[in-house]
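These notes concern the structure reproduced below.
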Amino acid sequence: MLTAGVWSRELAATAGFGLPVEPERRFMHVTGEAPDFPNRLPLTVDFSSSFYFHREGEGILFGGTELDELAPVAARRLPALAELDLRHTISGFYEMSPDHNALIGAAPEPAGLVYATGFSGHGFQ
């Protein structure tokens with residue numbers, strides 16, 4: 001079973017099989033205390049830009065692309081976010097398929113190679 005996430009393309013290539021999966025860096029930013037926000041703040045997603053936010057302890061976790069690209073969307077969707085201190089940022093990779101849907105199946109060659117990858121931020125991570 002090949003389930004190597006962003007490394008699926010490279011690993012499949014060692015077996016002579018092509019998988020169209022590309023890594024895409026994604027960012028999560030966490031603010032300091034956000035007392036003016038509700039304690040129970042549901043995950044909210046702007047699907048057109050992939051900006052999202054939710055409560056994370058005393059602060060707000062928001063994410064999507066790099067901060068400079070995300071700032072205009074965040075300012076439009078959640079203006080109060082600009083008033084909070086940014087505490088830290090972390091990043092990782094989504095494995096992106098061409099249509100942003102998972103690639104699940106069995107390779108014709110080599111026999112027995114089964115794969116599940118390209119979940120593009122949803123599914124198994």
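As shown in the structure tokens, the chain order sets the letters A, B, ...; within each chain, residues go from 1, and ligands are also counted from 1 in the order they appear.
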
Check which residues of region 34-110 of chain A sit at most 9 Å from region 4-27 of chain A using only C-alpha atoms, and return one row each with the closest pair of atoms and their distance in Å to one decimal, ordered by chain and rising number, as a Markdown table.
```
| residue | atom | partner | partner_atom | distance |
| --- | --- | --- | --- | --- |
| A:Phe62 | CA | A:Phe27 | CA | 8.4 |
| A:Gly63 | CA | A:Phe27 | CA | 5.4 |
| A:Gly64 | CA | A:Phe27 | CA | 5.5 |
| A:Thr65 | CA | A:Arg26 | CA | 5.5 |
| A:Glu66 | CA | A:Phe27 | CA | 6.1 |
| A:Leu67 | CA | A:Phe27 | CA | 7.9 |
| A:Thr89 | CA | A:Phe27 | CA | 6.9 |
| A:Ile90 | CA | A:Phe27 | CA | 5.8 |
| A:Ser91 | CA | A:Phe27 | CA | 4.3 |
| A:Gly92 | CA | A:Arg26 | CA | 5.6 |
| A:Phe93 | CA | A:Arg25 | CA | 4.5 |
| A:Tyr94 | CA | A:Glu24 | CA | 5.3 |
| A:Glu95 | CA | A:Val6 | CA | 4.6 |
| A:Met96 | CA | A:Glu22 | CA | 5.1 |
| A:Ser97 | CA | A:Val21 | CA | 4.8 |
| A:Pro98 | CA | A:Pro20 | CA | 6.8 |
| A:Leu103 | CA | A:Leu19 | CA | 8.3 |
| A:Ala107 | CA | A:Phe17 | CA | 7.2 |
| A:Pro108 | CA | A:Phe17 | CA | 8.7 |
| A:Glu109 | CA | A:Phe17 | CA | 7.0 |
| A:Pro110 | CA | A:Ala15 | CA | 6.8 |
```

Practice item. Can you pull out every residue within 12 Å of Arg77 (chain A), counting only C-alpha atoms, but drop anything in the same chain fewer than 6 positions away, and send it as an MDAnalysis selection string? Key: chainID A and resid 44:53 62 70:71

Just C-alpha atoms for this one: save the residues we selected as a compact mmCIF listing (two decimals), in the first residue's frame.
```txt
# COMPACT_ATOMS: atom_id res chain seq x y z
CA THR A 44 -15.14 28.51 9.38
CA VAL A 45 -13.81 28.09 5.84
CA ASP A 46 -13.81 30.43 2.85
CA PHE A 47 -13.73 27.83 0.09
CA SER A 48 -12.91 30.34 -2.63
CA SER A 49 -9.55 31.16 -1.01
CA SER A 50 -9.07 28.25 1.45
CA PHE A 51 -8.76 30.73 4.34
CA TYR A 52 -10.05 29.17 7.55
CA PHE A 53 -10.16 29.96 11.24
CA PHE A 62 -6.19 30.61 11.04
CA LEU A 70 -3.83 35.50 3.15
CA ALA A 71 -4.01 38.97 4.74
```

Check your understanding: From the list A:Ala82, A:Pro42, A:Glu33, A:His122, which residue is nearest Gly59 (chain A) when using only C-alpha atoms?
Key -> A:Glu33

Practice item. Report the distance between CA of Gly118 (chain A) and CA of His88 (chain A) in Å, rounded to one decimal place. Key: 27.6 Å

Practice item. Check the DSSP output for the backbone and give back, as a VMD selection string, the residues of region 4-120 of chain A in strand (DSSP E). Key: chain A and resid 22 to 31 44 to 46 51 to 56 59 to 64 86 to 96 103 to 106 114 to 117

Check your understanding: Could you pull the residues within 10 Å of Ala80 (chain A), counting only C-alpha atoms, minus those fewer than 6 positions along the same chain, as number ranges by chain?
Key -> A: 34, 36-37, 74

Exercise for review: Report the residues of region 43-75 of chain A whose backbone DSSP state falls under alpha helix (DSSP H), written as a PyMOL selection string.
Suggested key: chain A and resi 67-75

Just N, CA and C atoms for this one: save the residues we selected as a CSV table (one decimal), in the first residue's frame.
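The file below, out10.csv, is the result:
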```csv
chain,number,residue,atom,x,y,z
A,67,LEU,N,1.1,34.3,4.8
A,67,LEU,CA,0.5,35.4,5.4
A,67,LEU,C,0.2,36.6,4.5
A,68,ASP,N,1.2,36.9,3.7
A,68,ASP,CA,1.0,38.1,2.8
A,68,ASP,C,-0.1,37.9,1.8
A,69,GLU,N,-0.3,36.6,1.3
A,69,GLU,CA,-1.3,36.3,0.4
A,69,GLU,C,-2.7,36.2,1.1
A,70,LEU,N,-2.6,35.8,2.4
A,70,LEU,CA,-3.8,35.5,3.2
A,70,LEU,C,-4.4,36.8,3.8
A,71,ALA,N,-3.6,37.8,4.0
A,71,ALA,CA,-4.0,39.0,4.7
A,71,ALA,C,-5.2,39.7,4.1
A,72,PRO,N,-5.3,39.9,2.8
A,72,PRO,CA,-6.4,40.6,2.2
A,72,PRO,C,-7.7,39.8,2.4
A,73,VAL,N,-7.7,38.5,2.3
A,73,VAL,CA,-8.9,37.7,2.5
A,73,VAL,C,-9.3,37.7,4.0
A,74,ALA,N,-8.3,37.5,4.8
A,74,ALA,CA,-8.6,37.5,6.3
A,74,ALA,C,-9.2,38.9,6.7
A,75,ALA,N,-8.7,40.0,6.2
A,75,ALA,CA,-9.2,41.3,6.5
A,75,ALA,C,-10.6,41.5,6.1
```

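The residue that comes closest to Asp85 (chain A), out of A:Ala106, A:Ile60, A:Ala116, A:Leu2 and on the basis of only C-alpha atoms, is A:Ile60.
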
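Take CA of Leu41 (chain A) and CA of Arg87 (chain A): the distance between them is 18.9 Å.
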